[in-house]
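Printed here is work_5.cif (mmCIF, C-alpha atoms, pLDDT in the B column; chains and numbers go by the auth columns):
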data_data
#
loop_
_atom_site.group_PDB
_atom_site.id
_atom_site.type_symbol
_atom_site.label_atom_id
_atom_site.label_comp_id
_atom_site.label_asym_id
_atom_site.label_seq_id
_atom_site.Cartn_x
_atom_site.Cartn_y
_atom_site.Cartn_z
_atom_site.B_iso_or_equiv
_atom_site.auth_seq_id
_atom_site.auth_asym_id
ATOM 1 C CA MET A 1 -18.310 -17.108 6.849 54.00 1 Q
ATOM 2 C CA ASN A 2 -16.773 -16.096 3.522 69.00 2 Q
ATOM 3 C CA ASP A 3 -13.826 -18.402 2.808 85.00 3 Q
ATOM 4 C CA LYS A 4 -12.549 -15.870 0.239 93.00 4 Q
ATOM 5 C CA PRO A 5 -12.872 -12.557 2.098 96.00 5 Q
ATOM 6 C CA LEU A 6 -10.709 -10.685 -0.409 98.00 6 Q
ATOM 7 C CA LYS A 7 -12.557 -11.816 -3.533 97.00 7 Q
ATOM 8 C CA GLY A 8 -12.800 -8.935 -5.987 97.00 8 Q
ATOM 9 C CA LYS A 9 -9.950 -7.005 -4.362 98.00 9 Q
ATOM 10 C CA VAL A 10 -6.681 -6.187 -6.120 98.00 10 Q
ATOM 11 C CA ALA A 11 -3.514 -6.399 -4.038 98.00 11 Q
ATOM 12 C CA LEU A 12 -0.129 -4.947 -4.956 98.00 12 Q
ATOM 13 C CA VAL A 13 2.874 -6.525 -3.215 98.00 13 Q
ATOM 14 C CA THR A 14 6.409 -5.248 -3.697 98.00 14 Q
ATOM 15 C CA GLY A 15 9.395 -7.524 -3.168 97.00 15 Q
ATOM 16 C CA ALA A 16 7.047 -10.406 -3.910 97.00 16 Q
ATOM 17 C CA SER A 17 9.364 -12.919 -5.565 96.00 17 Q
ATOM 18 C CA ARG A 18 10.756 -14.553 -2.422 94.00 18 Q
ATOM 19 C CA GLY A 19 10.765 -14.708 1.350 95.00 19 Q
ATOM 20 C CA ILE A 20 8.231 -12.629 3.235 97.00 20 Q
ATOM 21 C CA GLY A 21 6.852 -11.052 0.059 97.00 21 Q
ATOM 22 C CA LYS A 22 6.105 -14.393 -1.559 97.00 22 Q
ATOM 23 C CA ALA A 23 4.365 -15.663 1.580 98.00 23 Q
ATOM 24 C CA ILE A 24 2.250 -12.504 1.727 98.00 24 Q
ATOM 25 C CA ALA A 25 1.305 -12.858 -1.945 98.00 25 Q
ATOM 26 C CA LYS A 26 0.299 -16.486 -1.390 98.00 26 Q
ATOM 27 C CA GLY A 27 -1.861 -15.599 1.599 98.00 27 Q
ATOM 28 C CA LEU A 28 -3.663 -12.793 -0.196 98.00 28 Q
ATOM 29 C CA TYR A 29 -4.233 -14.913 -3.307 98.00 29 Q
ATOM 30 C CA ASN A 30 -5.516 -17.876 -1.292 97.00 30 Q
ATOM 31 C CA ASN A 31 -8.066 -15.543 0.266 97.00 31 Q
ATOM 32 C CA GLY A 32 -9.433 -14.328 -3.030 97.00 32 Q
ATOM 33 C CA ALA A 33 -7.343 -11.313 -4.066 98.00 33 Q
ATOM 34 C CA ASP A 34 -6.036 -10.719 -7.558 98.00 34 Q
ATOM 35 C CA LEU A 35 -2.316 -9.945 -7.418 98.00 35 Q
ATOM 36 C CA ILE A 36 0.086 -7.458 -8.906 98.00 36 Q
ATOM 37 C CA CYS A 37 3.568 -8.536 -7.874 98.00 37 Q
ATOM 38 C CA VAL A 38 6.728 -6.492 -8.214 97.00 38 Q
ATOM 39 C CA SER A 39 10.376 -7.480 -7.906 97.00 39 Q
ATOM 40 C CA ARG A 40 13.648 -6.830 -9.706 95.00 40 Q
ATOM 41 C CA SER A 41 13.938 -10.396 -11.006 95.00 41 Q
ATOM 42 C CA LEU A 42 11.387 -11.374 -13.641 96.00 42 Q
ATOM 43 C CA ASP A 43 12.632 -14.971 -13.564 97.00 43 Q
ATOM 44 C CA ALA A 44 12.003 -15.200 -9.817 97.00 44 Q
ATOM 45 C CA LEU A 45 8.552 -13.695 -10.296 98.00 45 Q
ATOM 46 C CA GLU A 46 7.738 -16.292 -12.955 98.00 46 Q
ATOM 47 C CA VAL A 47 8.705 -19.062 -10.519 97.00 47 Q
ATOM 48 C CA MET A 48 6.614 -17.463 -7.766 97.00 48 Q
ATOM 49 C CA LYS A 49 3.591 -17.135 -10.047 97.00 49 Q
ATOM 50 C CA SER A 50 3.847 -20.776 -11.114 97.00 50 Q
ATOM 51 C CA GLU A 51 4.121 -21.932 -7.500 96.00 51 Q
ATOM 52 C CA ILE A 52 1.049 -19.985 -6.438 97.00 52 Q
ATOM 53 C CA LYS A 53 -1.020 -21.175 -9.401 96.00 53 Q
ATOM 54 C CA ASP A 54 -0.012 -24.793 -8.713 96.00 54 Q
ATOM 55 C CA GLU A 55 -0.718 -24.538 -4.990 95.00 55 Q
ATOM 56 C CA PHE A 56 -3.986 -22.616 -5.286 94.00 56 Q
ATOM 57 C CA PRO A 57 -5.678 -23.378 -8.633 92.00 57 Q
ATOM 58 C CA SER A 58 -7.954 -20.444 -9.409 90.00 58 Q
ATOM 59 C CA GLU A 59 -9.069 -18.067 -12.143 91.00 59 Q
ATOM 60 C CA GLN A 60 -7.725 -15.116 -10.176 95.00 60 Q
ATOM 61 C CA LYS A 61 -5.143 -12.949 -11.886 97.00 61 Q
ATOM 62 C CA ILE A 62 -1.450 -12.665 -11.081 98.00 62 Q
ATOM 63 C CA ASP A 63 0.306 -9.883 -12.954 98.00 63 Q
ATOM 64 C CA ILE A 64 4.065 -9.667 -12.523 98.00 64 Q
ATOM 65 C CA HIS A 65 6.369 -6.720 -13.173 97.00 65 Q
ATOM 66 C CA SER A 66 10.146 -6.437 -13.061 97.00 66 Q
ATOM 67 C CA VAL A 67 10.864 -3.076 -11.416 96.00 67 Q
ATOM 68 C CA ASP A 68 13.927 -1.778 -9.590 95.00 68 Q
ATOM 69 C CA ILE A 69 12.096 0.413 -7.125 94.00 69 Q
ATOM 70 C CA ALA A 70 15.320 2.120 -6.082 91.00 70 Q
ATOM 71 C CA LYS A 71 15.123 3.903 -9.448 93.00 71 Q
ATOM 72 C CA SER A 72 12.471 6.601 -9.713 91.00 72 Q
ATOM 73 C CA SER A 73 12.259 6.277 -13.497 94.00 73 Q
ATOM 74 C CA GLU A 74 11.353 2.576 -13.289 95.00 74 Q
ATOM 75 C CA ILE A 75 8.733 3.246 -10.607 95.00 75 Q
ATOM 76 C CA ASP A 76 7.225 6.046 -12.697 95.00 76 Q
ATOM 77 C CA ASP A 77 6.984 3.813 -15.769 95.00 77 Q
ATOM 78 C CA PHE A 78 5.329 1.059 -13.737 96.00 78 Q
ATOM 79 C CA LEU A 79 2.851 3.417 -12.090 95.00 79 Q
ATOM 80 C CA THR A 80 1.567 4.796 -15.398 93.00 80 Q
ATOM 81 C CA GLU A 81 -0.151 1.472 -16.148 87.00 81 Q
ATOM 82 C CA LEU A 82 -1.343 0.679 -12.642 94.00 82 Q
ATOM 83 C CA PRO A 83 -5.049 -0.132 -12.189 95.00 83 Q
ATOM 84 C CA SER A 84 -7.083 0.692 -9.093 97.00 84 Q
ATOM 85 C CA ILE A 85 -5.471 -0.958 -6.046 98.00 85 Q
ATOM 86 C CA ASP A 86 -7.404 -2.033 -2.949 98.00 86 Q
ATOM 87 C CA ILE A 87 -4.576 -3.495 -0.855 98.00 87 Q
ATOM 88 C CA LEU A 88 -0.982 -2.255 -0.915 98.00 88 Q
ATOM 89 C CA VAL A 89 1.828 -4.086 0.829 98.00 89 Q
ATOM 90 C CA ASN A 90 5.094 -2.149 0.747 98.00 90 Q
ATOM 91 C CA ASN A 91 7.439 -5.027 1.465 98.00 91 Q
ATOM 92 C CA ALA A 92 10.503 -4.570 -0.762 96.00 92 Q
ATOM 93 C CA GLY A 93 13.666 -3.842 1.165 95.00 93 Q
ATOM 94 C CA ILE A 94 17.435 -4.131 1.011 94.00 94 Q
ATOM 95 C CA THR A 95 20.339 -3.902 3.440 94.00 95 Q
ATOM 96 C CA ARG A 96 23.759 -2.353 2.955 95.00 96 Q
ATOM 97 C CA ASP A 97 25.247 -2.886 6.389 94.00 97 Q
ATOM 98 C CA SER A 98 28.240 -0.939 7.630 95.00 98 Q
ATOM 99 C CA LEU A 99 29.323 1.023 10.656 97.00 99 Q
ATOM 100 C CA LEU A 100 28.480 4.687 10.133 97.00 100 Q
ATOM 101 C CA MET A 101 32.138 5.739 9.946 97.00 101 Q
ATOM 102 C CA ARG A 102 32.624 3.418 6.983 97.00 102 Q
ATOM 103 C CA ALA A 103 29.245 3.881 5.326 96.00 103 Q
ATOM 104 C CA THR A 104 29.057 5.450 1.889 97.00 104 Q
ATOM 105 C CA GLU A 105 26.490 7.950 0.718 97.00 105 Q
ATOM 106 C CA GLU A 106 25.640 5.566 -2.119 97.00 106 Q
ATOM 107 C CA ASP A 107 24.747 2.788 0.325 96.00 107 Q
ATOM 108 C CA TRP A 108 22.674 5.246 2.364 97.00 108 Q
ATOM 109 C CA ASN A 109 20.766 6.459 -0.688 96.00 109 Q
ATOM 110 C CA ASN A 110 20.154 2.959 -2.066 96.00 110 Q
ATOM 111 C CA VAL A 111 18.616 1.761 1.197 97.00 111 Q
ATOM 112 C CA ILE A 112 16.524 4.877 1.773 97.00 112 Q
ATOM 113 C CA ASN A 113 15.311 4.967 -1.839 96.00 113 Q
ATOM 114 C CA THR A 114 14.341 1.283 -1.873 97.00 114 Q
ATOM 115 C CA ASN A 115 12.906 0.928 1.616 97.00 115 Q
ATOM 116 C CA LEU A 116 11.275 4.307 2.155 98.00 116 Q
ATOM 117 C CA THR A 117 11.096 6.611 -0.865 97.00 117 Q
ATOM 118 C CA ALA A 118 9.635 3.913 -3.123 97.00 118 Q
ATOM 119 C CA SER A 119 6.913 3.265 -0.536 98.00 119 Q
ATOM 120 C CA PHE A 120 6.050 6.973 -0.591 98.00 120 Q
ATOM 121 C CA LYS A 121 5.847 7.073 -4.396 97.00 121 Q
ATOM 122 C CA ILE A 122 3.768 3.906 -4.761 97.00 122 Q
ATOM 123 C CA THR A 123 1.433 4.792 -1.908 98.00 123 Q
ATOM 124 C CA LYS A 124 0.849 8.260 -3.316 97.00 124 Q
ATOM 125 C CA ALA A 125 -0.014 6.713 -6.677 97.00 125 Q
ATOM 126 C CA VAL A 126 -2.661 4.332 -5.302 97.00 126 Q
ATOM 127 C CA ILE A 127 -4.203 6.438 -2.549 97.00 127 Q
ATOM 128 C CA ARG A 128 -6.465 8.563 -4.764 97.00 128 Q
ATOM 129 C CA ALA A 129 -8.430 5.556 -6.046 97.00 129 Q
ATOM 130 C CA MET A 130 -8.726 4.193 -2.511 98.00 130 Q
ATOM 131 C CA MET A 131 -10.164 7.505 -1.340 98.00 131 Q
ATOM 132 C CA LYS A 132 -12.638 7.518 -4.227 97.00 132 Q
ATOM 133 C CA ASN A 133 -13.698 3.956 -3.382 97.00 133 Q
ATOM 134 C CA LYS A 134 -13.787 4.764 0.341 98.00 134 Q
ATOM 135 C CA TRP A 135 -11.906 1.539 1.096 98.00 135 Q
ATOM 136 C CA GLY A 136 -8.253 0.616 1.207 98.00 136 Q
ATOM 137 C CA ARG A 137 -5.633 -1.281 3.158 98.00 137 Q
ATOM 138 C CA ILE A 138 -2.020 -0.106 3.264 98.00 138 Q
ATOM 139 C CA ILE A 139 0.439 -2.315 5.105 98.00 139 Q
ATOM 140 C CA ASN A 140 4.070 -1.283 5.376 98.00 140 Q
ATOM 141 C CA ILE A 141 6.654 -3.894 6.306 98.00 141 Q
ATOM 142 C CA SER A 142 9.007 -2.252 8.775 98.00 142 Q
ATOM 143 C CA SER A 143 11.401 -4.137 11.082 97.00 143 Q
ATOM 144 C CA VAL A 144 12.264 -4.665 14.722 97.00 144 Q
ATOM 145 C CA VAL A 145 15.465 -2.826 13.809 96.00 145 Q
ATOM 146 C CA GLY A 146 13.375 0.261 13.106 98.00 146 Q
ATOM 147 C CA LEU A 147 12.099 0.082 16.679 97.00 147 Q
ATOM 148 C CA MET A 148 15.260 -0.756 18.601 96.00 148 Q
ATOM 149 C CA GLY A 149 18.194 0.020 16.306 96.00 149 Q
ATOM 150 C CA ASN A 150 21.144 -2.229 15.512 93.00 150 Q
ATOM 151 C CA PRO A 151 24.882 -1.560 15.161 94.00 151 Q
ATOM 152 C CA GLY A 152 25.961 -1.359 11.546 95.00 152 Q
ATOM 153 C CA GLN A 153 22.459 -0.675 10.275 96.00 153 Q
ATOM 154 C CA THR A 154 21.936 3.063 10.638 98.00 154 Q
ATOM 155 C CA ASN A 155 20.651 3.311 7.076 98.00 155 Q
ATOM 156 C CA TYR A 156 18.328 0.312 7.375 97.00 156 Q
ATOM 157 C CA ALA A 157 17.045 1.371 10.812 98.00 157 Q
ATOM 158 C CA ALA A 158 16.379 4.895 9.555 98.00 158 Q
ATOM 159 C CA SER A 159 14.416 3.587 6.567 98.00 159 Q
ATOM 160 C CA LYS A 160 12.324 1.205 8.655 98.00 160 Q
ATOM 161 C CA ALA A 161 11.700 3.747 11.419 98.00 161 Q
ATOM 162 C CA GLY A 162 10.689 6.162 8.672 98.00 162 Q
ATOM 163 C CA LEU A 163 8.049 3.701 7.477 98.00 163 Q
ATOM 164 C CA ILE A 164 6.551 3.693 10.966 98.00 164 Q
ATOM 165 C CA GLY A 165 6.258 7.482 11.086 98.00 165 Q
ATOM 166 C CA PHE A 166 4.939 7.465 7.531 98.00 166 Q
ATOM 167 C CA SER A 167 2.260 4.902 8.460 98.00 167 Q
ATOM 168 C CA LYS A 168 1.083 6.765 11.557 98.00 168 Q
ATOM 169 C CA SER A 169 0.858 10.108 9.786 98.00 169 Q
ATOM 170 C CA LEU A 170 -0.926 8.742 6.720 98.00 170 Q
ATOM 171 C CA ALA A 171 -3.379 6.847 8.930 98.00 171 Q
ATOM 172 C CA LYS A 172 -4.518 10.182 10.362 98.00 172 Q
ATOM 173 C CA GLU A 173 -4.887 11.679 6.900 98.00 173 Q
ATOM 174 C CA VAL A 174 -7.051 8.994 5.298 98.00 174 Q
ATOM 175 C CA GLY A 175 -8.861 7.162 8.109 98.00 175 Q
ATOM 176 C CA SER A 176 -12.107 9.026 7.501 98.00 176 Q
ATOM 177 C CA ARG A 177 -12.183 7.649 3.952 98.00 177 Q
ATOM 178 C CA GLY A 178 -12.285 4.004 4.984 98.00 178 Q
ATOM 179 C CA ILE A 179 -8.545 3.458 4.507 98.00 179 Q
ATOM 180 C CA THR A 180 -6.409 1.856 7.187 98.00 180 Q
ATOM 181 C CA VAL A 181 -2.629 2.185 7.334 98.00 181 Q
ATOM 182 C CA ASN A 182 -0.517 -0.032 9.557 98.00 182 Q
ATOM 183 C CA ALA A 183 3.047 -1.260 9.891 98.00 183 Q
ATOM 184 C CA VAL A 184 4.294 -4.761 10.613 98.00 184 Q
ATOM 185 C CA ALA A 185 7.707 -5.049 12.263 98.00 185 Q
ATOM 186 C CA PRO A 186 9.208 -8.521 11.780 97.00 186 Q
ATOM 187 C CA GLY A 187 11.939 -9.775 14.046 95.00 187 Q
ATOM 188 C CA TYR A 188 14.477 -12.339 12.886 92.00 188 Q
ATOM 189 C CA ILE A 189 12.693 -14.395 10.248 94.00 189 Q
ATOM 190 C CA GLU A 190 13.920 -17.503 8.441 91.00 190 Q
ATOM 191 C CA THR A 191 14.758 -16.016 5.031 86.00 191 Q
ATOM 192 C CA ASP A 192 17.704 -15.832 2.645 77.00 192 Q
ATOM 193 C CA MET A 193 19.160 -13.094 4.850 69.00 193 Q
ATOM 194 C CA THR A 194 19.132 -15.084 8.085 76.00 194 Q
ATOM 195 C CA GLU A 195 20.465 -18.195 6.357 78.00 195 Q
ATOM 196 C CA LYS A 196 23.783 -16.357 6.189 75.00 196 Q
ATOM 197 C CA LEU A 197 23.992 -16.174 9.995 77.00 197 Q
ATOM 198 C CA THR A 198 26.379 -18.575 11.704 83.00 198 Q
ATOM 199 C CA ASP A 199 25.131 -20.923 14.424 86.00 199 Q
ATOM 200 C CA GLU A 200 26.802 -18.686 16.989 89.00 200 Q
ATOM 201 C CA GLN A 201 25.020 -15.612 15.622 85.00 201 Q
ATOM 202 C CA LYS A 202 21.657 -17.392 15.642 86.00 202 Q
ATOM 203 C CA GLU A 203 22.258 -18.521 19.220 89.00 203 Q
ATOM 204 C CA ALA A 204 23.037 -14.944 20.240 88.00 204 Q
ATOM 205 C CA VAL A 205 19.819 -13.744 18.597 88.00 205 Q
ATOM 206 C CA LEU A 206 17.678 -16.408 20.252 93.00 206 Q
ATOM 207 C CA LYS A 207 18.925 -15.390 23.685 93.00 207 Q
ATOM 208 C CA ASN A 208 16.810 -12.262 23.269 93.00 208 Q
ATOM 209 C CA VAL A 209 13.732 -14.029 21.861 96.00 209 Q
ATOM 210 C CA PRO A 210 11.407 -15.375 24.594 96.00 210 Q
ATOM 211 C CA ILE A 211 9.725 -17.819 22.183 96.00 211 Q
ATOM 212 C CA LYS A 212 13.189 -19.278 21.407 94.00 212 Q
ATOM 213 C CA ARG A 213 12.876 -19.705 17.671 92.00 213 Q
ATOM 214 C CA LEU A 214 13.280 -17.651 14.543 93.00 214 Q
ATOM 215 C CA GLY A 215 10.058 -16.537 12.943 96.00 215 Q
ATOM 216 C CA THR A 216 8.729 -17.915 9.680 97.00 216 Q
ATOM 217 C CA VAL A 217 7.557 -15.990 6.643 97.00 217 Q
ATOM 218 C CA GLU A 218 4.083 -17.385 7.334 98.00 218 Q
ATOM 219 C CA ASP A 219 4.083 -15.656 10.728 98.00 219 Q
ATOM 220 C CA ILE A 220 4.379 -12.316 8.953 98.00 220 Q
ATOM 221 C CA ALA A 221 1.958 -13.226 6.162 98.00 221 Q
ATOM 222 C CA GLU A 222 -0.740 -14.140 8.678 98.00 222 Q
ATOM 223 C CA MET A 223 -0.519 -10.725 10.335 98.00 223 Q
ATOM 224 C CA VAL A 224 -0.679 -8.971 6.961 98.00 224 Q
ATOM 225 C CA LEU A 225 -3.671 -11.081 5.936 98.00 225 Q
ATOM 226 C CA PHE A 226 -5.485 -10.209 9.165 98.00 226 Q
ATOM 227 C CA LEU A 227 -4.943 -6.493 8.613 98.00 227 Q
ATOM 228 C CA ALA A 228 -6.019 -6.776 4.983 98.00 228 Q
ATOM 229 C CA SER A 229 -9.157 -8.821 5.569 97.00 229 Q
ATOM 230 C CA GLN A 230 -10.365 -8.181 9.130 95.00 230 Q
ATOM 231 C CA GLY A 231 -8.679 -5.140 10.655 93.00 231 Q
ATOM 232 C CA ASP A 232 -11.452 -2.655 9.844 96.00 232 Q
ATOM 233 C CA TYR A 233 -11.033 -0.701 13.099 98.00 233 Q
ATOM 234 C CA ILE A 234 -7.243 -0.884 13.368 98.00 234 Q
ATOM 235 C CA THR A 235 -5.090 1.889 11.947 98.00 235 Q
ATOM 236 C CA GLY A 236 -1.863 3.737 12.685 98.00 236 Q
ATOM 237 C CA GLN A 237 -0.477 0.782 14.610 98.00 237 Q
ATOM 238 C CA VAL A 238 2.826 -1.089 14.590 98.00 238 Q
ATOM 239 C CA PHE A 239 2.595 -4.870 15.008 98.00 239 Q
ATOM 240 C CA SER A 240 5.807 -6.472 16.218 98.00 240 Q
ATOM 241 C CA VAL A 241 5.975 -10.065 15.005 98.00 241 Q
ATOM 242 C CA ASP A 242 9.240 -10.960 16.658 97.00 242 Q
ATOM 243 C CA GLY A 243 8.690 -13.686 19.244 97.00 243 Q
ATOM 244 C CA GLY A 244 8.878 -11.103 22.029 97.00 244 Q
ATOM 245 C CA MET A 245 12.303 -9.769 21.042 95.00 245 Q
ATOM 246 C CA TYR A 246 11.175 -6.167 21.473 94.00 246 Q
ATOM 247 C CA ILE A 247 9.129 -5.858 24.655 91.00 247 Q
#
Write out the structure in this file as structure tokens.
Amino acid sequence: MNDKPLKGKVALVTGASRGIGKAIAKGLYNNGADLICVSRSLDALEVMKSEIKDEFPSEQKIDIHSVDIAKSSEIDDFLTELPSIDILVNNAGITRDSLLMRATEEDWNNVINTNLTASFKITKAVIRAMMKNKWGRIINISSVVGLMGNPGQTNYAASKAGLIGFSKSLAKEVGSRGITVNAVAPGYIETDMTEKLTDEQKEAVLKNVPIKRLGTVEDIAEMVLFLASQGDYITGQVFSVDGGMYI
């Protein structure tokens, strides 16, 4: 069995500097992929790159790029220098929570542009080379909120539900060319976002999670790695990694 099943593949991960994105980048790199990592903070990317190189000494490449993917001009500049991509993980996402009556159009646009429109632009840019190579893996990080909704998150839920529809439709377009497209829908994961929850809020969340714990970033990374390295006959699917929260 090949202990580096992704050797020779190039993986692009957005939102890679921390949390779920960093764990995904580590998993892909440890399994042989060269990385192109994108985030707004170049300093955070430098720290991430150093951590991965220290943890997994290798001659594989890690290229890092500071890009605010909410801004079309920055995405366009980044995409002009992009090499052929084999694995794309659209992970970057933000929240701007508010009840709809109080929500601003700016907050709506920022969330939709970052979480959904950027995924469209980046995917469109890499898909042609995948089709030419007759191989590709596109994995979009959605959310349990995109499946079940959540008060105060109409913008976030819309963006994450949009990623699911995007994934299913694209899977039907490109499946015959050896490209799979899937979505992963994390539940409540131990990240910077959930650290802000009070003990009472965490307890309320866990009441609806049969496994009775928050997820880890590694839980999500393992699912992404499976889809990238082994899921040859799986496409157009949504994988809820949420401890049974959405059943």
Just say which residues the PyMOL selection byres ((chain Q and resi 78) around 10) picks in this file, as a PyMOL selection string. chain Q and resi 38+65-69+72-77+79-82+122
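The space separating atom CA of Q:Val126 from atom CA of Q:Gly187 comes to 28.0 Å.
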Show me, as CSV, the residues of stretch 106-206 of chain Q having an atom within 8 Å of stretch 216-233 of chain Q, each with the closest atom pair and its distance in Å, using all atoms listed in the file.
residue,atom,partner,partner_atom,distance
Q:Arg137,CA,Q:Ala228,CA,5.8
Q:Ile138,CA,Q:Ala228,CA,8.0
Q:Ile139,CA,Q:Val224,CA,7.0
Q:Thr180,CA,Q:Asp232,CA,7.3
Q:Asn182,CA,Q:Leu227,CA,7.9
Q:Val184,CA,Q:Val224,CA,7.5
Q:Pro186,CA,Q:Ile220,CA,6.8
Q:Ile189,CA,Q:Thr216,CA,5.3
Q:Glu190,CA,Q:Thr216,CA,5.4
Q:Thr191,CA,Q:Val217,CA,7.4
Limited to C-alpha atoms, could you put the picked residues into a file as a PDB file, keeping the file's coordinate frame?
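What follows is the written file result13.pdb:
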ATOM      1  CA  ARG Q 137      -5.633  -1.281   3.158  1.00 98.00           C
ATOM      2  CA  ILE Q 138      -2.020  -0.106   3.264  1.00 98.00           C
ATOM      3  CA  ILE Q 139       0.439  -2.315   5.105  1.00 98.00           C
ATOM      4  CA  THR Q 180      -6.409   1.856   7.187  1.00 98.00           C
ATOM      5  CA  ASN Q 182      -0.517  -0.032   9.557  1.00 98.00           C
ATOM      6  CA  VAL Q 184       4.294  -4.761  10.613  1.00 98.00           C
ATOM      7  CA  PRO Q 186       9.208  -8.521  11.780  1.00 97.00           C
ATOM      8  CA  ILE Q 189      12.693 -14.395  10.248  1.00 94.00           C
ATOM      9  CA  GLU Q 190      13.920 -17.503   8.441  1.00 91.00           C
ATOM     10  CA  THR Q 191      14.758 -16.016   5.031  1.00 86.00           C
TER      11      THR Q 191
END
For the file shown, report as an NGL selection string the outcome of the PyMOL selection byres ((chain Q and resi 2-16) around 7) at residue level. :Q and (1 or 17-18 or 21-22 or 25 or 31-39 or 85-92 or 229)
Which residues fall under the PyMOL selection byres ((chain Q and resi 203-209) around 8) in this file, as JSON, numbers by chain? {"Q": [188, 199, 200, 201, 202, 210, 211, 212, 213, 214, 242, 243, 244, 245]}
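Across Q:Phe166, Q:Trp135, Q:Trp108, Q:Phe239, the tightest approach to Q:Lys121 is made by Q:Phe166 when counting only C-alpha atoms.
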So for stretch 139-153 of chain Q, what box centre and size do we get, axis-aligned, 4 Å extra on each of the six sides, every listed atom, Å to one decimal, as AutoDock Vina command-line options?
--center_x 13.2 --center_y -2.2 --center_z 11.9 --size_x 33.5 --size_y 12.9 --size_z 21.5
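Rounded to one decimal, atom CA of Q:Gly236 and atom CA of Q:Asn115 lie 18.7 Å from each other.
Among the candidate residues Q:Pro83, Q:Pro57, Q:Gly27, Q:Gly146, the one lying nearest to Q:Ala158 is Q:Gly146, with distances computed using only C-alpha atoms.
Shortest separation to Q:Asn109 among Q:Lys172, Q:Lys53, Q:Lys71, Q:Lys196 occurs at residue Q:Lys71, atoms counted being only C-alpha atoms.
Of the residues under consideration (Q:Pro151, Q:Gly19, Q:Gly162, Q:Gly175), Q:Gly175 shows the shortest atom-to-atom contact distance to Q:Met130 when counting only C-alpha atoms.
With atom CA of Q:Ser119 on one side and atom CA of Q:Leu163 on the other, the separation reads 8.1 Å.
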